[in-house]
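Worksheet: the structure to be examined is printed underneath.
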Amino acid sequence: NDNKTLLQATSSTSKATDRSSRKSSRSDKFLKLRYIASPPKFGSLQAFINNIGSAEDIGNYYTMVSKKVVDMTAAPASQVVDWKLLHVCSCICYVGPSKFSVEDVHRIGVLDIRLCNLDRHLGNILVSRMKPGSGRLMRQKLKIESGAEDTKDSSAADSTTPSPSSTDSLSDYKLVPIDHAYILPDFRHIEEVNFEWLHWKQTKIPFSQETKRYIKLLDPFDDAAKLRALRLEEASAITVVVSTLFLKECVSREMTLWDIGSAIQREGMGTNPSCLEKIVRSAMNEYESESKKIMSVGIVDFDEVNKSRYDLRRDFKFRVFLKCFKDSMKNQLDSQLLGKIAVHHIS
């Protein structure tokens, strides 16, 4: 009887422990990611994308195919015509950066900014040809995903009239970003960020309301927690927070993709630090001095902390750095704006 009682007590204790463990697991929505990533595996997941070439190839194909077509038209009738080459010409020679959707360019730009992409050259952007008219469907899908669904009310329909940026989504060519091996560097070392799309005119067109809404709803701390759960370096997780907060602040100031990209990528030969680099350095210097003060807890304004154990905001030191970063970002962008105003008055 004593043994039976002991077994029952042990069983009850075990069940209580299991219930407590399950409850704890449910409280951390990223815990399952750790199990997925354990043990760690190295490799890549890839999907084939039908395409007519990369954004870098388009100009080269145009030149090469055009010459070949001229040669074939001037060739004697006995020469066999390469119809496959003619088909490629019809697919490619009328495509160029001006044909690309503004929304596609902006989406890739937002992605690269958040990841601090070190290798976004035009060869890493594929160009796919969609069915004629499908660009309109893509625009409608974008509205629905961003919460701007059409309603039967005519006044509501007027309020969701697409901006020039979104009407350009009628393009029948879709851009697909590929090859993301060189992303998420240490937030203190972003000097090699490379955005070749800065040369495209679409980057100087204001963001659409749909894109602004998407950026506003981004949660960098949630994304950083996922990265930490998947065992990425903490410095890389902080990169997502830093870049996304910078993106949000710039968009709130009505800056274009070109303005934001130019503030992250080094100018010219890359000898001088970018605006974001200066902000991070200033924040780090301030952090070094503030973290040594015992009373620095008082300057941190973070009442709500995510329940996840992977949330960076659970770390006091990160909260101090975050406060320094936000102050430095505001000061740097304010001074940059004042500088532009002064130059405008002089000119």
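We name chains A, B, ... following the order of the structure tokens; residues begin at 1 in each chain, and ligands are numbered from 1 as shown.
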Please return as an mmCIF file with C-alpha atoms, in the first residue's frame: the residues of segment 201-326 of chain A that backbone DSSP assigns to alpha helix (DSSP H).
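Generated output (selection35.cif):
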data_model
loop_
_atom_site.group_PDB
_atom_site.id
_atom_site.type_symbol
_atom_site.label_atom_id
_atom_site.label_comp_id
_atom_site.auth_asym_id
_atom_site.auth_seq_id
_atom_site.Cartn_x
_atom_site.Cartn_y
_atom_site.Cartn_z
ATOM 1 C CA GLN A 209 0.052 54.110 -48.715
ATOM 2 C CA GLU A 210 0.100 50.299 -48.801
ATOM 3 C CA THR A 211 3.877 50.200 -48.350
ATOM 4 C CA LYS A 212 3.770 52.813 -45.577
ATOM 5 C CA ARG A 213 1.142 50.783 -43.769
ATOM 6 C CA TYR A 214 3.249 47.635 -44.094
ATOM 7 C CA ILE A 215 6.341 49.371 -42.696
ATOM 8 C CA LYS A 216 4.363 50.893 -39.837
ATOM 9 C CA PRO A 220 11.588 44.366 -35.323
ATOM 10 C CA PHE A 221 11.714 42.920 -31.801
ATOM 11 C CA ASP A 222 9.484 40.045 -32.821
ATOM 12 C CA ASP A 223 11.706 39.338 -35.843
ATOM 13 C CA ALA A 224 14.861 39.579 -33.742
ATOM 14 C CA ALA A 225 13.412 37.072 -31.271
ATOM 15 C CA LYS A 226 12.811 34.607 -34.105
ATOM 16 C CA LEU A 227 16.408 34.990 -35.270
ATOM 17 C CA ARG A 228 17.716 34.381 -31.757
ATOM 18 C CA ALA A 229 15.484 31.334 -31.397
ATOM 19 C CA GLU A 234 22.836 38.379 -31.162
ATOM 20 C CA ALA A 235 24.656 41.123 -33.098
ATOM 21 C CA SER A 236 22.782 40.051 -36.254
ATOM 22 C CA ALA A 237 19.464 40.125 -34.413
ATOM 23 C CA ILE A 238 20.240 43.655 -33.248
ATOM 24 C CA THR A 239 20.932 44.581 -36.885
ATOM 25 C CA VAL A 240 17.291 43.875 -37.747
ATOM 26 C CA VAL A 241 16.134 46.090 -34.875
ATOM 27 C CA VAL A 242 18.479 48.947 -35.775
ATOM 28 C CA SER A 243 17.742 48.904 -39.510
ATOM 29 C CA THR A 244 13.963 48.545 -39.097
ATOM 30 C CA LEU A 245 13.688 51.337 -36.526
ATOM 31 C CA PHE A 246 15.745 53.535 -38.851
ATOM 32 C CA LEU A 247 13.462 52.634 -41.771
ATOM 33 C CA LYS A 248 10.335 53.427 -39.749
ATOM 34 C CA GLU A 249 11.685 56.780 -38.611
ATOM 35 C CA CYS A 250 12.714 57.780 -42.135
ATOM 36 C CA VAL A 251 9.336 56.804 -43.608
ATOM 37 C CA SER A 252 7.570 58.828 -40.909
ATOM 38 C CA LEU A 257 13.631 54.810 -50.751
ATOM 39 C CA TRP A 258 16.525 56.626 -52.420
ATOM 40 C CA ASP A 259 16.937 58.924 -49.388
ATOM 41 C CA ILE A 260 16.931 55.995 -46.966
ATOM 42 C CA GLY A 261 19.208 53.767 -49.050
ATOM 43 C CA SER A 262 21.678 56.625 -49.517
ATOM 44 C CA ALA A 263 21.729 57.142 -45.745
ATOM 45 C CA ILE A 264 22.759 53.502 -45.207
ATOM 46 C CA CYS A 275 24.472 58.323 -41.817
ATOM 47 C CA LEU A 276 23.373 55.068 -40.139
ATOM 48 C CA GLU A 277 26.980 54.195 -39.277
ATOM 49 C CA LYS A 278 27.367 57.561 -37.557
ATOM 50 C CA ILE A 279 24.155 56.978 -35.616
ATOM 51 C CA VAL A 280 25.315 53.546 -34.401
ATOM 52 C CA ARG A 281 28.754 54.837 -33.434
ATOM 53 C CA SER A 282 27.267 57.756 -31.525
ATOM 54 C CA ALA A 283 24.830 55.427 -29.782
ATOM 55 C CA MET A 284 27.631 53.035 -28.828
ATOM 56 C CA ASN A 285 29.706 55.864 -27.375
ATOM 57 C CA GLU A 286 26.732 57.072 -25.364
ATOM 58 C CA TYR A 287 25.968 53.517 -24.297
ATOM 59 C CA GLU A 288 29.502 52.989 -22.985
ATOM 60 C CA SER A 289 29.179 55.976 -20.684
ATOM 61 C CA GLU A 290 25.575 55.354 -19.619
ATOM 62 C CA PHE A 316 18.964 45.750 -19.453
ATOM 63 C CA LYS A 317 22.080 46.582 -21.458
ATOM 64 C CA PHE A 318 20.160 46.371 -24.726
ATOM 65 C CA ARG A 319 17.458 48.685 -23.371
ATOM 66 C CA VAL A 320 20.130 51.244 -22.508
ATOM 67 C CA PHE A 321 21.619 50.941 -26.001
ATOM 68 C CA LEU A 322 18.156 51.225 -27.574
ATOM 69 C CA LYS A 323 17.497 54.488 -25.723
ATOM 70 C CA CYS A 324 20.872 55.838 -26.906
ATOM 71 C CA PHE A 325 20.200 54.701 -30.482
ATOM 72 C CA LYS A 326 16.810 56.404 -30.690
#
- Non-local contacts of Asn194 of chain A (7 Å; only C-alpha atoms; under 3 positions in same chain excluded) as a list in words: Asn117, Leu118, Asp119, Arg120 and Gln265 of chain A
Distance table requested - segment 161-211 of chain A against segment 103-112 of chain A, cut-off 10 Å, only C-alpha atoms: one row per qualifying residue with the closest atom pair and its distance in Å to one decimal, ordered by chain and rising residue number, as CSV.
residue,atom,partner,partner_atom,distance
A:Ser165,CA,A:Glu103,CA,6.5
A:Ser166,CA,A:Glu103,CA,6.2
A:Thr167,CA,A:Glu103,CA,8.9
A:Asp168,CA,A:Glu103,CA,7.4
A:Ser169,CA,A:Glu103,CA,6.0
A:Leu170,CA,A:Glu103,CA,9.7
A:Ser171,CA,A:Asp104,CA,9.6
A:Tyr173,CA,A:Asp104,CA,9.3
A:Lys174,CA,A:Asp104,CA,6.9
A:Leu175,CA,A:Asp104,CA,6.0
A:Val176,CA,A:Ile108,CA,8.2
A:Pro177,CA,A:Ile108,CA,6.7
A:His180,CA,A:Asp112,CA,9.4
A:Ile183,CA,A:Asp112,CA,8.3
A:Leu184,CA,A:Asp112,CA,9.7
A:Val193,CA,A:Asp112,CA,9.1
A:Asn194,CA,A:Asp112,CA,8.9
A:Phe195,CA,A:Asp112,CA,7.6
A:Glu196,CA,A:Gly109,CA,9.8
A:Trp197,CA,A:Gly109,CA,7.6
A:Leu198,CA,A:Gly109,CA,8.7
A:Trp200,CA,A:Val105,CA,8.5
A:Lys201,CA,A:Val105,CA,9.7
A:Gln202,CA,A:Val105,CA,6.7
A:Thr203,CA,A:His106,CA,6.9
A:Lys204,CA,A:His106,CA,9.9
A:Ile205,CA,A:His106,CA,9.2
A:Pro206,CA,A:His106,CA,9.4
A:Phe207,CA,A:His106,CA,7.4
A:Ser208,CA,A:Glu103,CA,7.9
A:Glu210,CA,A:Glu103,CA,9.4
A:Thr211,CA,A:Arg107,CA,7.9
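From atom CA of Asp186 of chain A back to atom CA of Arg313 of chain A, the distance works out to 18.0 Å.
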